[in-house]
$ cat coords_32.txt   # compact mmCIF, C-alpha atoms
# COMPACT_ATOMS: atom_id res chain seq x y z
CA MET M 1 143.33 116.69 104.25
CA ARG M 2 144.28 118.25 107.58
CA ARG M 3 141.98 117.12 110.39
CA THR M 4 139.42 119.84 111.17
CA ARG M 5 138.19 120.48 114.69
CA ALA M 6 134.47 120.25 115.38
CA VAL M 7 132.61 122.88 117.38
CA TYR M 8 130.98 120.22 119.56
CA PRO M 9 133.09 117.26 120.66
CA SER M 10 130.20 115.07 121.86
CA ILE M 11 126.60 114.24 120.89
CA LYS M 12 125.46 115.48 124.30
CA GLU M 13 126.83 118.94 123.55
CA LEU M 14 125.69 118.87 119.93
CA ILE M 15 121.98 118.07 120.42
CA PRO M 16 120.98 121.33 122.20
CA ALA M 17 122.78 123.35 119.51
CA ILE M 18 121.23 121.77 116.40
CA GLN M 19 119.22 124.13 114.21
CA ILE M 20 116.81 123.74 111.29
CA GLY M 21 118.83 123.58 108.06
CA ASP M 22 121.91 121.90 109.56
CA ILE M 23 123.41 119.22 107.31
CA VAL M 24 123.57 115.61 108.55
CA PHE M 25 126.23 113.24 107.16
CA LEU M 26 125.68 109.51 107.38
CA GLN M 27 127.61 106.34 106.84
CA THR M 28 125.73 103.04 106.96
CA LYS M 29 128.60 100.87 108.13
CA LYS M 30 127.75 97.45 106.76
CA ALA M 31 125.51 98.25 103.77
CA LEU M 32 126.97 97.26 100.42
CA GLY M 33 125.55 100.30 98.61
CA SER M 34 127.03 102.64 101.20
CA ARG M 35 130.45 100.96 100.88
CA PHE M 36 130.33 101.28 97.12
CA ILE M 37 129.47 105.00 97.25
CA ARG M 38 132.25 105.64 99.77
CA PHE M 39 134.75 103.73 97.64
CA ALA M 40 133.70 105.48 94.42
CA THR M 41 133.65 108.97 95.92
CA HIS M 42 136.68 108.52 98.23
CA SER M 43 134.61 109.73 101.15
CA HIS M 44 133.93 108.68 104.72
CA TRP M 45 130.26 109.55 104.10
CA SER M 46 127.73 107.93 101.79
CA HIS M 47 124.61 109.97 102.48
CA VAL M 48 123.46 113.44 103.53
CA GLY M 49 120.22 114.91 104.85
CA MET M 50 119.10 118.09 106.63
CA VAL M 51 117.41 119.00 109.90
CA PHE M 52 113.73 119.56 109.10
CA ASP M 53 112.30 120.41 112.51
CA ILE M 54 113.14 120.38 116.20
CA ILE M 55 110.45 119.45 118.71
CA GLU M 56 111.14 120.83 122.18
CA HIS M 57 109.50 118.85 125.00
CA GLY M 58 109.95 117.98 128.64
CA ALA M 59 112.29 115.10 127.92
CA GLY M 60 114.57 117.16 125.67
CA ARG M 61 114.54 117.63 121.90
CA THR M 62 113.27 115.41 119.11
CA ILE M 63 115.18 116.20 115.94
CA LEU M 64 113.60 115.38 112.60
CA VAL M 65 115.80 114.82 109.58
CA ILE M 66 114.61 115.08 105.97
CA GLU M 67 116.52 113.11 103.36
CA ALA M 68 116.28 111.80 99.82
CA VAL M 69 116.46 108.02 100.22
CA GLU M 70 115.69 105.11 97.91
CA ASN M 71 111.91 105.54 98.23
CA GLY M 72 111.98 109.32 97.77
CA VAL M 73 112.16 112.25 100.17
CA GLU M 74 111.27 111.11 103.70
CA ILE M 75 111.32 112.49 107.24
CA HIS M 76 112.82 110.48 110.11
CA ARG M 77 113.90 110.98 113.67
CA LEU M 78 117.62 111.54 114.26
CA GLU M 79 117.39 109.03 117.13
CA ARG M 80 117.05 106.32 114.52
CA TYR M 81 120.72 106.93 113.71
CA ILE M 82 122.03 108.00 117.12
CA GLN M 83 120.64 104.92 118.86
CA ASN M 84 122.30 102.53 116.41
CA PRO M 85 126.01 103.42 116.53
CA GLU M 86 126.90 99.90 115.41
CA THR M 87 124.99 100.55 112.15
CA TYR M 88 125.43 104.28 111.56
CA ASP M 89 128.18 106.86 111.84
CA PHE M 90 127.07 110.46 111.56
CA GLY M 91 128.44 114.01 111.41
CA PHE M 92 126.96 117.52 111.33
CA LYS M 93 127.78 120.69 109.38
CA ARG M 94 126.13 124.11 109.24
CA PHE M 95 125.86 126.81 106.63
CA PRO M 96 126.45 129.78 108.96
CA GLY M 97 124.42 132.97 108.96
CA LEU M 98 120.98 131.63 108.06
CA THR M 99 118.28 134.05 109.19
CA GLU M 100 114.98 132.94 110.74
CA ILE M 101 113.16 133.86 107.51
CA GLU M 102 115.61 131.77 105.49
CA ARG M 103 115.13 128.80 107.82
CA GLN M 104 111.35 129.06 107.39
CA LYS M 105 111.79 129.19 103.62
CA ILE M 106 114.06 126.14 103.70
CA ARG M 107 111.43 124.33 105.80
CA ALA M 108 108.80 125.19 103.19
CA LEU M 109 111.07 123.79 100.48
CA PHE M 110 111.47 120.63 102.56
CA LEU M 111 107.71 120.20 102.92
CA ASN M 112 107.20 120.70 99.20
CA ALA M 113 109.75 117.96 98.55
CA VAL M 114 108.11 115.23 100.67
CA ASP M 115 107.51 112.10 98.54
CA VAL M 116 109.50 113.44 95.55
CA PRO M 117 111.07 110.32 93.99
CA TYR M 118 114.74 109.39 94.19
CA ASP M 119 116.76 109.80 91.00
CA TRP M 120 118.09 106.26 90.57
CA TYR M 121 118.71 106.79 86.86
CA ARG M 122 121.04 109.69 87.54
CA LEU M 123 122.92 107.91 90.32
CA ILE M 124 123.62 104.84 88.20
CA SER M 125 124.44 106.94 85.13
CA PHE M 126 126.94 109.07 87.06
CA PHE M 127 128.78 105.99 88.26
CA LEU M 128 128.81 104.40 84.80
CA VAL M 129 129.93 107.56 83.04
CA GLY M 130 132.52 108.21 85.75
CA ALA M 131 133.89 104.67 85.41
CA ILE M 132 134.13 104.95 81.62
CA SER M 133 135.91 108.30 81.90
CA LYS M 134 138.37 106.89 84.45
CA TYR M 135 139.24 103.59 82.81
CA PHE M 136 139.07 104.58 79.12
CA GLY M 137 140.25 108.17 79.47
CA ILE M 138 137.28 109.49 77.54
CA ASP M 139 135.39 112.45 78.96
CA ILE M 140 131.95 111.39 77.82
CA MET M 141 130.30 113.37 80.62
CA LYS M 142 129.94 116.45 78.40
CA PHE M 143 127.72 114.49 76.01
CA PHE M 144 125.37 113.34 78.74
CA ARG M 145 125.17 116.13 81.29
CA GLY M 146 121.88 117.59 80.06
CA SER M 147 120.07 114.28 79.79
CA LEU M 148 121.20 113.04 83.20
CA ILE M 149 119.47 115.80 85.13
CA ASP M 150 115.82 115.44 86.07
CA LYS M 151 114.86 118.40 88.24
CA LYS M 152 111.69 116.64 89.39
CA LYS M 153 113.77 114.07 91.27
CA PHE M 154 116.48 114.19 93.90
CA LEU M 155 119.71 112.60 94.95
CA CYS M 156 120.52 113.12 98.64
CA THR M 157 123.24 115.64 97.84
CA THR M 158 121.29 117.62 95.25
CA PHE M 159 118.40 117.82 97.70
CA VAL M 160 120.71 119.52 100.22
CA GLN M 161 122.28 121.83 97.63
CA ARG M 162 118.98 122.89 96.09
CA SER M 163 117.31 123.45 99.49
CA LEU M 164 120.13 125.73 100.62
CA TYR M 165 120.48 127.52 97.28
CA TYR M 166 116.79 128.33 96.87
CA GLY M 167 116.16 128.83 100.60
CA VAL M 168 118.53 131.72 101.22
CA ASP M 169 118.18 135.34 100.11
CA PRO M 170 119.04 135.61 96.36
CA SER M 171 122.05 137.81 97.19
CA LYS M 172 123.57 134.92 99.22
CA ARG M 173 122.87 132.11 96.78
CA GLU M 174 126.33 132.02 95.22
CA SER M 175 127.86 131.48 98.67
CA THR M 176 125.82 128.28 99.23
CA LEU M 177 127.42 126.44 96.30
CA PHE M 178 129.44 123.40 97.32
CA ARG M 179 131.42 123.60 94.04
CA PRO M 180 132.23 127.33 94.03
CA GLY M 181 135.37 127.33 91.90
CA ASP M 182 133.95 124.92 89.35
CA LYS M 183 134.74 125.93 85.76
CA GLU M 184 131.69 123.96 84.61
CA PRO M 185 129.80 126.30 82.27
CA SER M 186 126.41 124.73 82.97
CA PHE M 187 125.05 126.26 86.16
CA GLU M 188 122.46 123.52 86.52
CA TYR M 189 125.20 120.94 86.39
CA ARG M 190 127.15 122.71 89.14
CA LEU M 191 124.02 122.64 91.29
CA GLU M 192 123.23 119.01 90.55
CA LYS M 193 126.50 117.11 90.44
CA ILE M 194 127.49 117.06 94.09
CA GLN M 195 128.99 114.23 96.11
CA PRO M 196 128.91 113.87 99.90
CA THR M 197 132.68 114.40 99.97
CA GLU M 198 132.29 117.82 98.30
CA ILE M 199 129.81 118.95 100.94
CA ALA M 200 132.11 117.53 103.63
CA GLN M 201 135.11 119.43 102.24
CA SER M 202 133.28 122.65 101.35
CA LYS M 203 134.63 125.76 103.06
CA ASN M 204 131.24 127.53 103.13
CA THR M 205 129.99 125.19 105.85
CA LEU M 206 131.24 124.64 109.38
CA TRP M 207 131.81 121.28 111.05
CA LEU M 208 129.67 120.98 114.17
CA TYR M 209 130.39 117.36 114.99
CA HIS M 210 132.59 114.46 113.90
CA PRO M 211 134.48 115.93 110.88
CA HIS M 212 135.59 113.61 108.07
CA ARG M 213 136.24 114.31 104.42
CA MET F 1 76.59 117.69 103.27
CA LYS F 2 78.56 119.99 100.94
CA SER F 3 81.38 118.21 99.14
CA CYS F 4 84.83 119.58 99.86
CA LEU F 5 86.58 117.32 97.36
CA VAL F 6 87.89 119.39 94.45
CA PRO F 7 87.96 117.47 91.16
CA ASP F 8 90.71 118.02 88.59
CA ALA F 9 90.30 117.96 84.80
CA GLN F 10 90.48 114.15 84.71
CA GLY F 11 87.78 113.72 87.36
CA ALA F 12 90.18 112.67 90.13
CA THR F 13 90.25 114.60 93.39
CA SER F 14 93.05 117.16 93.30
CA ARG F 15 92.67 118.46 96.85
CA ILE F 16 90.31 118.84 99.80
CA LEU F 17 89.06 122.35 100.58
CA ASP F 18 89.50 124.07 103.95
CA LEU F 19 91.54 121.38 105.62
CA ARG F 20 92.89 122.14 109.09
CA VAL F 21 95.84 120.76 111.04
CA GLY F 22 94.57 117.85 113.15
CA ASP F 23 91.77 116.89 110.75
CA ILE F 24 91.21 113.14 110.72
CA LEU F 25 91.35 111.46 107.32
CA LEU F 26 89.36 108.25 106.93
CA ILE F 27 90.57 106.18 104.01
CA ARG F 28 89.24 103.19 102.11
CA HIS F 29 91.67 101.19 99.99
CA LYS F 30 89.46 100.09 97.11
CA ARG F 31 92.05 97.61 95.89
CA GLY F 32 93.75 97.02 99.19
CA GLY F 33 93.85 93.26 99.26
CA PRO F 34 92.18 90.72 101.54
CA MET F 35 93.37 92.18 104.86
CA ARG F 36 91.65 95.52 104.15
CA TYR F 37 88.49 93.68 103.09
CA PHE F 38 88.46 91.52 106.24
CA LEU F 39 89.05 94.58 108.42
CA ARG F 40 86.11 96.45 106.87
CA THR F 41 83.88 93.37 107.15
CA VAL F 42 84.76 92.61 110.77
CA THR F 43 84.34 96.23 111.89
CA ARG F 44 81.31 96.75 109.59
CA SER F 45 82.75 99.96 108.26
CA HIS F 46 83.33 101.63 104.90
CA TRP F 47 86.80 102.67 106.13
CA ASP F 48 89.97 100.66 106.71
CA HIS F 49 92.65 103.26 107.49
CA VAL F 50 93.08 106.56 109.33
CA ALA F 51 95.60 109.41 108.98
CA MET F 52 95.91 112.98 110.27
CA VAL F 53 96.53 116.31 108.53
CA LEU F 54 99.93 117.60 109.62
CA TYR F 55 100.45 120.72 107.47
CA THR F 56 97.98 122.39 105.15
CA GLN F 57 98.64 124.16 101.90
CA ASP F 58 99.66 127.76 102.66
CA LYS F 59 100.92 129.88 99.78
CA LYS F 60 102.02 132.64 102.18
CA LEU F 61 104.39 130.26 103.96
CA GLY F 62 105.36 128.57 100.69
CA TYR F 63 103.66 125.24 101.54
CA GLU F 64 102.35 123.95 98.23
CA ASN F 65 100.93 120.62 99.45
CA ASP F 66 98.71 119.27 102.19
CA ILE F 67 100.84 116.90 104.25
CA LEU F 68 99.54 114.00 106.33
CA ILE F 69 100.99 111.71 108.97
CA GLU F 70 99.94 108.07 109.35
CA SER F 71 100.92 104.81 110.93
CA ILE F 72 101.08 102.30 108.12
CA GLN F 73 102.63 99.05 107.00
CA HIS F 74 103.45 98.64 103.33
CA GLY F 75 106.11 97.84 100.80
CA ALA F 76 107.69 94.67 99.48
CA MET F 77 109.96 94.37 102.53
CA SER F 78 107.40 95.24 105.18
CA ARG F 79 109.83 94.33 107.95
CA LEU F 80 111.81 97.42 107.04
CA ARG F 81 108.93 99.68 105.96
CA LYS F 82 106.43 100.09 108.74
CA GLY F 83 105.48 102.71 111.24
CA VAL F 84 104.66 106.39 111.46
CA GLU F 85 105.40 108.18 108.19
CA ILE F 86 104.81 111.59 106.61
CA HIS F 87 103.40 111.87 103.07
CA ARG F 88 101.57 114.19 100.73
CA LEU F 89 97.78 113.98 100.91
CA THR F 90 97.69 113.63 97.12
CA LYS F 91 98.86 110.04 97.60
CA TYR F 92 95.23 109.24 98.51
CA LEU F 93 93.55 111.67 96.14
CA HIS F 94 94.98 111.31 92.67
CA ASP F 95 93.27 108.04 91.78
CA PRO F 96 89.57 107.64 92.78
CA GLU F 97 89.76 104.04 91.54
CA LEU F 98 92.17 103.25 94.38
CA PHE F 99 91.01 105.31 97.36
CA ASP F 100 88.00 106.94 98.97
CA VAL F 101 88.68 109.67 101.54
CA GLY F 102 86.50 111.24 104.24
CA VAL F 103 87.34 113.97 106.77
CA LYS F 104 86.32 114.41 110.42
CA ARG F 105 87.26 117.19 112.83
CA PHE F 106 87.29 118.21 116.48
CA SER F 107 85.97 121.67 115.67
CA TRP F 108 86.23 122.94 119.28
CA MET F 109 90.02 122.70 119.36
CA ASN F 110 91.93 125.96 119.18
CA ARG F 111 95.24 126.60 117.43
CA GLU F 112 97.29 126.04 120.58
CA LEU F 113 95.78 122.59 121.16
CA LEU F 114 96.24 121.62 117.52
CA GLU F 115 99.87 122.72 117.72
CA ARG F 116 100.26 120.37 120.71
CA VAL F 117 98.71 117.55 118.68
CA ARG F 118 101.12 118.25 115.83
CA THR F 119 104.07 118.28 118.24
CA PHE F 120 102.98 114.93 119.67
CA VAL F 121 102.68 113.23 116.29
CA LEU F 122 106.00 114.64 115.06
CA MET F 123 107.72 113.26 118.17
CA ASN F 124 106.47 109.84 117.13
CA VAL F 125 107.72 109.68 113.56
CA ASP F 126 109.22 106.21 112.86
CA THR F 127 107.27 104.54 115.71
CA ARG F 128 106.71 100.88 114.82
CA TYR F 129 103.48 99.34 113.58
CA TYR F 130 101.45 96.71 115.45
CA PRO F 131 101.16 93.70 113.15
CA LEU F 132 97.69 92.55 112.07
CA SER F 133 97.10 88.88 111.28
CA THR F 134 95.26 88.33 107.99
CA PHE F 135 94.35 84.80 109.07
CA LYS F 136 92.78 85.92 112.36
CA PHE F 137 90.79 88.61 110.59
CA PHE F 138 89.62 86.04 108.05
CA LEU F 139 88.37 83.82 110.89
CA ALA F 140 86.67 86.85 112.41
CA THR F 141 84.66 87.36 109.22
CA LEU F 142 83.22 83.85 109.74
CA SER F 143 82.30 84.14 113.42
CA ARG F 144 80.80 87.16 115.16
CA SER F 145 81.82 85.88 118.61
CA TYR F 146 85.42 85.40 117.45
CA ALA F 147 85.32 88.85 115.85
CA LYS F 148 84.19 90.33 119.16
CA ARG F 149 87.02 88.61 121.03
CA LEU F 150 89.57 89.67 118.41
CA LEU F 151 88.49 93.31 118.50
CA GLU F 152 88.71 93.24 122.29
CA ARG F 153 92.46 92.64 122.15
CA GLN F 154 93.76 93.58 118.70
CA ARG F 155 95.74 96.84 118.72
CA PHE F 156 95.31 99.12 115.73
CA SER F 157 98.26 101.29 114.86
CA CYS F 158 96.72 103.82 112.50
CA THR F 159 93.74 104.65 114.69
CA GLY F 160 95.63 104.13 117.96
CA PHE F 161 98.16 106.69 116.79
CA VAL F 162 95.43 109.27 116.07
CA GLN F 163 93.60 108.50 119.34
CA LYS F 164 96.79 108.81 121.40
CA ALA F 165 97.72 112.07 119.70
CA PHE F 166 94.48 113.73 120.81
CA TYR F 167 94.22 112.00 124.18
CA MET F 168 97.77 112.90 125.21
CA SER F 169 97.66 116.46 123.84
CA VAL F 170 94.47 117.93 125.28
CA ASN F 171 94.10 119.16 128.85
CA TRP F 172 93.35 116.53 131.50
CA GLU F 173 89.75 117.74 132.00
CA ASP F 174 89.05 117.57 128.24
CA ARG F 175 90.24 114.02 127.62
CA HIS F 176 86.72 112.58 127.68
CA ARG F 177 85.90 114.86 124.73
CA VAL F 178 88.43 113.17 122.43
CA VAL F 179 87.68 109.51 123.25
CA PHE F 180 86.33 107.75 120.15
CA ARG F 181 85.10 104.58 121.90
CA GLY F 182 82.56 105.38 124.57
CA ASN F 183 82.08 101.92 126.01
CA GLY F 184 83.82 102.14 129.36
CA ASP F 185 87.35 101.17 128.28
CA ASN F 186 90.19 102.08 130.57
CA PRO F 187 92.69 104.65 129.23
CA LEU F 188 95.13 102.03 127.92
CA GLU F 189 92.41 100.09 126.12
CA LEU F 190 90.74 103.09 124.57
CA GLN F 191 94.05 104.29 123.15
CA ASP F 192 95.03 100.98 121.61
CA LEU F 193 91.84 99.20 120.59
CA VAL F 194 90.10 101.94 118.62
CA THR F 195 89.28 101.01 115.01
CA PRO F 196 88.58 103.13 111.90
CA ALA F 197 84.90 102.24 112.42
CA ASP F 198 84.98 103.72 115.95
CA ILE F 199 86.31 107.02 114.62
CA ALA F 200 83.78 107.05 111.76
CA SER F 201 80.85 106.46 114.10
CA SER F 202 82.08 108.65 116.97
CA ALA F 203 79.90 111.61 117.85
CA GLN F 204 82.87 113.36 119.46
CA CYS F 205 84.19 114.67 116.14
CA LYS F 206 82.15 116.09 113.29
CA TRP F 207 82.13 115.03 109.66
CA VAL F 208 83.62 117.62 107.32
CA CYS F 209 83.10 115.66 104.14
CA ASN F 210 82.17 112.29 102.66
CA LYS F 211 80.19 110.98 105.65
CA ARG F 212 80.08 107.17 105.73
CA PRO F 213 79.62 104.69 108.60

$ encode --input "coords_32.txt" --output "structure tokens"
Amino acid sequence: MRRTRAVYPSIKELIPAIQIGDIVFLQTKKALGSRFIRFATHSHWSHVGMVFDIIEHGAGRTILVIEAVENGVEIHRLERYIQNPETYDFGFKRFPGLTEIERQKIRALFLNAVDVPYDWYRLISFFLVGAISKYFGIDIMKFFRGSLIDKKKFLCTTFVQRSLYYGVDPSKRESTLFRPGDKEPSFEYRLEKIQPTEIAQSKNTLWLYHPHR
Amino acid sequence: MKSCLVPDAQGATSRILDLRVGDILLIRHKRGGPMRYFLRTVTRSHWDHVAMVLYTQDKKLGYENDILIESIQHGAMSRLRKGVEIHRLTKYLHDPELFDVGVKRFSWMNRELLERVRTFVLMNVDTRYYPLSTFKFFLATLSRSYAKRLLERQRFSCTGFVQKAFYMSVNWEDRHRVVFRGNGDNPLELQDLVTPADIASSAQCKWVCNKRP
């Protein structure tokens, strides 16, 4: 992949420009789980979240990130990642053209998702099914796709895709899909089977900071 | 006092009526383990935890849940899971066998002040928890003089967080109106040493429902 240029070359320039709904990419450098996901998905990133709120105050901006993590959907401060560069690497993308009303709707979707459990079953199943398909040449995914999806739970990537898809005006929904050219006949499956690398490579979003596939 | 707890079909509380941002939630963990028991005994209170309403259900804005913020320590790996967190209020409502909840309010605060309180608490998401020693609290249940000495220096995260939020957010001349402990503490002491019992017994804020000492 040709190296893409970011809009903001440094964190200092990025922070004042961050908006609600921006996508945060994360790599936990030494965590085994993160390494496994990066290896299996051929990506620099192992996790994604979104900007939930921005608190303006005298000392600057506090940016809150919402993410589907192992205990469910949680809200954390971005500083938690920025202040630990030895542990975390992070990047930022934006779906351009979000209106204020759409941002408010996305925020409402975020709030409704707080404490929704993480979909461990789906994560493990995807890796198992993917490994079987790769090493035995059998596409068993088509037999499982319906049963793997639980819409009451989230993976980090499906949380981002669903928030964007349902947050924008219905006429713009198609343009939020991270797998736009997918021939997959099941729409639900297109919305749910997303990897960090697909969001990183998607052409419908713009790199703000630190681009990697 | 009129009950504002709305029961569901199974008899559990499904929600609390007419909640407002900044309302103080007093919580009793009915099966919370020895530390909770010691804390209630030493402070002679029905309550052992405090949280604050952060967002209320608002169908117009698309908010389907009441959301709270609290400073809490929990989880199997408590070293990694402690501090200021955001959750759904239903976490404390769905099972009356596990929790009892009461609500208090500073009814004189206007929307602008409450927005400041919300901003303050959001800026402090992920702030660490002060550890409480189960052994020291056990000793305090045996000796009133030791209990007095312990309570004179033990910091309480959940209540301290709520006290600081109000104290730091209101105008300078109104600070005395949000102090829960009226016993001549200096500003640092009154922000750190306040217990759930102090909030429950404080005349500064009014009971909205489930009044208990």

$ closest_atom_pairs --input "coords_32.txt" --of "segment 64-154 of chain M" --to "segment 165-169 of chain M" --cutoff "6 Å" --atoms "all atoms listed in the file" --output "JSON lines"
{"residue": "M:Glu102", "atom": "CA", "partner": "M:Val168", "partner_atom": "CA", "distance": 5.2}
{"residue": "M:Lys105", "atom": "CA", "partner": "M:Gly167", "partner_atom": "CA", "distance": 5.3}
{"residue": "M:Ile106", "atom": "CA", "partner": "M:Gly167", "partner_atom": "CA", "distance": 4.6}

$ closest_residue --input "coords_32.txt" --among "M:Glu70, M:Glu100, M:Asp115, M:Asp89" --to "chain F" --atoms "only C-alpha atoms"
M:Asp115

$ interface_residues --input "coords_32.txt" --of "chain M" --to "chain F" --cutoff "10 Å" --atoms "all atoms listed in the file" --output "ChimeraX atom specification"
/M:53-57,61-64,71,73-77,79-80,104-116

$ closest_residue --input "coords_32.txt" --among "F:Asp174, F:Thr134, F:Ala165, F:Gly83" --to "Glu115 of chain F" --atoms "all atoms listed in the file"
F:Ala165

$ residues_around --input "coords_32.txt" --residues "segment 25-32 of chain M" --least-positions-apart "3" --cutoff "7 Å" --atoms "all atoms listed in the file" --output "list of chain:residue names"
M:Arg35, M:Phe36, M:Trp45, M:Ser46, M:His47, M:Val48, M:Gly49, M:Thr87, M:Tyr88, M:Asp89, M:Phe90, M:Gly91, M:Phe92

$ atom_distance --input "coords_32.txt" --atom1 "atom CA of Asn204 of chain M" --atom2 "atom CA of Lys93 of chain M"
9.9 Å

$ atom_distance --input "coords_32.txt" --atom1 "atom CA of Asp95 of chain F" --atom2 "atom CA of Gly72 of chain M"
19.7 Å

$ residues_around --input "coords_32.txt" --residues "Val51 of chain M" --least-positions-apart "4" --cutoff "8 Å" --atoms "all atoms listed in the file" --output "PyMOL selection string"
chain M and resi 19-24+63-66

$ decode --input "coords_32.txt" --residues "segment 151-212 of chain M" --atoms "C-alpha atoms" --output "PDB file, in the first residue's frame"
ATOM      1  CA  LYS M 151     -26.594  -7.793  17.369  1.00  0.00           C
ATOM      2  CA  LYS M 152     -26.889  -7.249  21.120  1.00  0.00           C
ATOM      3  CA  LYS M 153     -23.099  -7.391  21.458  1.00  0.00           C
ATOM      4  CA  PHE M 154     -20.181  -5.582  19.885  1.00  0.00           C
ATOM      5  CA  LEU M 155     -16.699  -6.072  18.572  1.00  0.00           C
ATOM      6  CA  CYS M 156     -14.655  -2.860  18.478  1.00  0.00           C
ATOM      7  CA  THR M 157     -14.921  -2.632  14.703  1.00  0.00           C
ATOM      8  CA  THR M 158     -18.631  -3.418  14.439  1.00  0.00           C
ATOM      9  CA  PHE M 159     -19.280  -0.806  17.117  1.00  0.00           C
ATOM     10  CA  VAL M 160     -17.619   1.823  14.902  1.00  0.00           C
ATOM     11  CA  GLN M 161     -19.370   0.633  11.728  1.00  0.00           C
ATOM     12  CA  ARG M 162     -22.816   0.448  13.299  1.00  0.00           C
ATOM     13  CA  SER M 163     -22.461   3.848  15.035  1.00  0.00           C
ATOM     14  CA  LEU M 164     -21.542   5.540  11.751  1.00  0.00           C
ATOM     15  CA  TYR M 165     -24.104   3.659   9.667  1.00  0.00           C
ATOM     16  CA  TYR M 166     -27.060   4.343  11.951  1.00  0.00           C
ATOM     17  CA  GLY M 167     -25.862   7.816  12.989  1.00  0.00           C
ATOM     18  CA  VAL M 168     -25.852   9.475   9.576  1.00  0.00           C
ATOM     19  CA  ASP M 169     -28.819  10.531   7.462  1.00  0.00           C
ATOM     20  CA  PRO M 170     -30.351   7.414   5.782  1.00  0.00           C
ATOM     21  CA  SER M 171     -29.425   8.782   2.344  1.00  0.00           C
ATOM     22  CA  LYS M 172     -25.716   8.692   3.332  1.00  0.00           C
ATOM     23  CA  ARG M 173     -25.676   5.282   4.991  1.00  0.00           C
ATOM     24  CA  GLU M 174     -24.286   3.374   2.016  1.00  0.00           C
ATOM     25  CA  SER M 175     -21.281   5.714   1.931  1.00  0.00           C
ATOM     26  CA  THR M 176     -20.300   4.808   5.529  1.00  0.00           C
ATOM     27  CA  LEU M 177     -19.690   1.136   4.725  1.00  0.00           C
ATOM     28  CA  PHE M 178     -16.095   0.046   5.190  1.00  0.00           C
ATOM     29  CA  ARG M 179     -16.653  -2.900   2.796  1.00  0.00           C
ATOM     30  CA  PRO M 180     -18.428  -1.055  -0.038  1.00  0.00           C
ATOM     31  CA  GLY M 181     -17.585  -3.342  -2.950  1.00  0.00           C
ATOM     32  CA  ASP M 182     -18.280  -6.510  -1.008  1.00  0.00           C
ATOM     33  CA  LYS M 183     -20.233  -9.090  -3.026  1.00  0.00           C
ATOM     34  CA  GLU M 184     -21.484 -10.591   0.232  1.00  0.00           C
ATOM     35  CA  PRO M 185     -25.245 -10.999  -0.219  1.00  0.00           C
ATOM     36  CA  SER M 186     -26.019 -10.697   3.488  1.00  0.00           C
ATOM     37  CA  PHE M 187     -26.167  -7.010   4.355  1.00  0.00           C
ATOM     38  CA  GLU M 188     -25.906  -7.738   8.065  1.00  0.00           C
ATOM     39  CA  TYR M 189     -22.730  -9.659   7.445  1.00  0.00           C
ATOM     40  CA  ARG M 190     -21.218  -6.751   5.518  1.00  0.00           C
ATOM     41  CA  LEU M 191     -22.009  -4.493   8.461  1.00  0.00           C
ATOM     42  CA  GLU M 192     -20.666  -6.900  11.059  1.00  0.00           C
ATOM     43  CA  LYS M 193     -17.564  -8.532   9.627  1.00  0.00           C
ATOM     44  CA  ILE M 194     -15.079  -5.687   9.721  1.00  0.00           C
ATOM     45  CA  GLN M 195     -11.417  -5.746  10.694  1.00  0.00           C
ATOM     46  CA  PRO M 196      -9.324  -2.773  11.831  1.00  0.00           C
ATOM     47  CA  THR M 197      -7.303  -3.048   8.621  1.00  0.00           C
ATOM     48  CA  GLU M 198     -10.461  -2.563   6.511  1.00  0.00           C
ATOM     49  CA  ILE M 199     -11.331   0.643   8.356  1.00  0.00           C
ATOM     50  CA  ALA M 200      -7.695   1.754   8.035  1.00  0.00           C
ATOM     51  CA  GLN M 201      -7.719   1.118   4.275  1.00  0.00           C
ATOM     52  CA  SER M 202     -11.238   2.380   3.582  1.00  0.00           C
ATOM     53  CA  LYS M 203     -11.433   5.234   1.083  1.00  0.00           C
ATOM     54  CA  ASN M 204     -14.544   6.781   2.672  1.00  0.00           C
ATOM     55  CA  THR M 205     -12.516   8.005   5.644  1.00  0.00           C
ATOM     56  CA  LEU M 206      -9.633  10.448   5.802  1.00  0.00           C
ATOM     57  CA  TRP M 207      -6.397   9.962   7.734  1.00  0.00           C
ATOM     58  CA  LEU M 208      -5.949  12.749  10.267  1.00  0.00           C
ATOM     59  CA  TYR M 209      -2.896  11.395  12.043  1.00  0.00           C
ATOM     60  CA  HIS M 210      -0.342   8.586  11.806  1.00  0.00           C
ATOM     61  CA  PRO M 211      -1.600   6.547   8.796  1.00  0.00           C
ATOM     62  CA  HIS M 212      -0.942   2.797   8.669  1.00  0.00           C
TER      63      HIS M 212
END
